[in-house]
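Below is one structure, written out as structure tokens; the observations come after it.
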Amino acid sequence: PILPEHPTRLIAAGDYNKGPIILGTNAREFGLFQSVGQAARVSSVAELNKVLDEMLGPLTQLVLLPYDTSSDQTANDTYVQLMTDLLFRCPVRALARSTSAEGTRAYLYHFEEGLAYHVYELPYVLGIPNAMFGAPTLAEPLRTFVQTSLANFVRTGNPNAPGGRAPWPVYTRASDQHV
């Protein structure tokens with residue numbers, strides 16, 4: 001093994017490099033897996049309930065409470081959002097909470113541009129338009145913000161410009177803020 005323990009145990013024990021981190025998710029991460037045929041789509045609320053019942057059993061209706069289950073037309077969107085939350089957003093927020101509780105400065109993001117599937121922020125990180133990743137052109141202010149923030153972070157451990165207004169707050173459990 002590369003690590004001496006599972007990362008969750010290392011973090012809980014405070015036994016890790018506590019340098020600052022940037023972490024986040026895209027709005028519809030799970031959509032990528034449907035688009036490349038790695039995950040099925042659901043076409044109705046009944047099918048959504050069936051898929052979730054198989055996965056979550058008696059917890060299905062409780063888990064679905066905050067989601068829109070009002071129509072068959074939105075069933076797949078609901079499935080994408082729920083799976084994005086389950087597989088990506090909740091684990092990333094848990095990591096932000098646990099590392100910040102240990103004294104790590106964490107900066108959290110939520111990418112929402114375009115389809116915002118898994119990896120769809122990469123054209124903005126790299127500054128290279130990419131139609132395959134949903135960005136045949138880049139929204140220039142967003143590209144500038146992403147690249148400037150990452151460059152600042154690499155140089156200083158803080159994505160905000162030195163001496164400038166701080167648009168990207170340090171994550172705290174109490175505020176749960178992100179950009």
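Here, A, B, ... name the chains of the structure tokens in the order displayed, residue numbers run from 1 inside each chain, and ligands are numbered from 1 in the same displayed order.
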Practice prompt. Pick out the residues sitting within 7 Å of segment 16-26 of chain A, and hand them over as a PyMOL selection string; count only C-alpha atoms, and ignore anything fewer than 5 positions along from it in its own chain.
Written response: chain A and resi 10-11+88-89+92+103-112+116-118+157
Worksheet entry | Backbone DSSP call of strand (DSSP E) for chain A, listed as a list of chain:residue names |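 Selecting the strand (DSSP E) positions of chain A gives A:Ile21, A:Ile22, A:Leu23, A:Gly24, A:Thr25, A:Asn26, A:Ala106, A:Tyr107, A:Leu108, A:Tyr109, A:His110, A:Phe111.
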Go ahead and dump the residues you just picked, N, CA, C and O atoms, as a JSON list (two decimals), in the first residue's frame.
```json
[["chain", "number", "residue", "atom", "x", "y", "z"],
["A", 21, "ILE", "N", -6.02, 23.12, 0.97],
["A", 21, "ILE", "CA", -6.53, 22.31, -0.14],
["A", 21, "ILE", "C", -7.67, 23.04, -0.84],
["A", 21, "ILE", "O", -8.38, 23.84, -0.23],
["A", 22, "ILE", "N", -7.82, 22.75, -2.12],
["A", 22, "ILE", "CA", -9.00, 23.17, -2.89],
["A", 22, "ILE", "C", -9.71, 21.89, -3.26],
["A", 22, "ILE", "O", -9.10, 20.93, -3.73],
["A", 23, "LEU", "N", -11.00, 21.87, -3.03],
["A", 23, "LEU", "CA", -11.79, 20.70, -3.39],
["A", 23, "LEU", "C", -13.18, 21.13, -3.77],
["A", 23, "LEU", "O", -13.66, 22.19, -3.36],
["A", 24, "GLY", "N", -13.82, 20.34, -4.59],
["A", 24, "GLY", "CA", -15.16, 20.70, -5.01],
["A", 24, "GLY", "C", -15.77, 19.70, -5.95],
["A", 24, "GLY", "O", -15.20, 18.63, -6.21],
["A", 25, "THR", "N", -16.93, 20.07, -6.45],
["A", 25, "THR", "CA", -17.69, 19.19, -7.32],
["A", 25, "THR", "C", -18.33, 20.01, -8.44],
["A", 25, "THR", "O", -18.42, 21.23, -8.36],
["A", 26, "ASN", "N", -18.80, 19.29, -9.43],
["A", 26, "ASN", "CA", -19.56, 19.88, -10.52],
["A", 26, "ASN", "C", -21.04, 19.60, -10.28],
["A", 26, "ASN", "O", -21.41, 18.60, -9.65],
["A", 106, "ALA", "N", -9.36, 24.89, 3.92],
["A", 106, "ALA", "CA", -9.99, 24.26, 2.76],
["A", 106, "ALA", "C", -10.79, 25.32, 2.00],
["A", 106, "ALA", "O", -11.47, 26.14, 2.61],
["A", 107, "TYR", "N", -10.69, 25.27, 0.69],
["A", 107, "TYR", "CA", -11.44, 26.16, -0.19],
["A", 107, "TYR", "C", -12.32, 25.28, -1.06],
["A", 107, "TYR", "O", -11.82, 24.44, -1.81],
["A", 108, "LEU", "N", -13.61, 25.45, -0.96],
["A", 108, "LEU", "CA", -14.58, 24.57, -1.61],
["A", 108, "LEU", "C", -15.20, 25.27, -2.82],
["A", 108, "LEU", "O", -15.50, 26.46, -2.76],
["A", 109, "TYR", "N", -15.39, 24.52, -3.92],
["A", 109, "TYR", "CA", -16.06, 25.08, -5.10],
["A", 109, "TYR", "C", -17.20, 24.17, -5.54],
["A", 109, "TYR", "O", -17.25, 22.98, -5.21],
["A", 110, "HIS", "N", -18.12, 24.77, -6.30],
["A", 110, "HIS", "CA", -19.21, 24.03, -6.94],
["A", 110, "HIS", "C", -19.32, 24.58, -8.35],
["A", 110, "HIS", "O", -19.74, 25.73, -8.55],
["A", 111, "PHE", "N", -18.92, 23.80, -9.36],
["A", 111, "PHE", "CA", -18.87, 24.25, -10.74],
["A", 111, "PHE", "C", -20.22, 24.04, -11.40],
["A", 111, "PHE", "O", -20.75, 22.92, -11.39]]
```
Fill in: Option closest in space to Asp72 of chain A, from A:Gly57, A:Ser44, A:Thr84, A:Leu95 [counting only C-alpha atoms]
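Ranked by minimum distance to Asp72 of chain A, first place goes to A:Ser44.
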Practice prompt. Could you give me, as JSON, numbers by chain, the residues within 10 Å of Ala131 of chain A, counting only C-alpha atoms and dropping anything in the same chain fewer than 6 positions from it?
Written response: {"A": [120, 123, 137]}
Could you turn the residues from that selection into a file that holds C-alpha atoms, as a compact mmCIF listing (two decimals), in the first residue's frame?
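Printed below is part35.txt as written:
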```
# COMPACT_ATOMS: atom_id res chain seq x y z
CA TYR A 120 -16.26 19.59 -17.32
CA PRO A 123 -11.28 23.41 -19.97
CA THR A 137 -15.88 28.30 -26.09
```
Worksheet item: Which value, in Å to one decimal, gives the distance between atom CA of Thr8 of chain A and atom CA of Ser98 of chain A?
Response: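 Taking atom CA of Thr8 of chain A and atom CA of Ser98 of chain A, their separation equals 8.9 Å.
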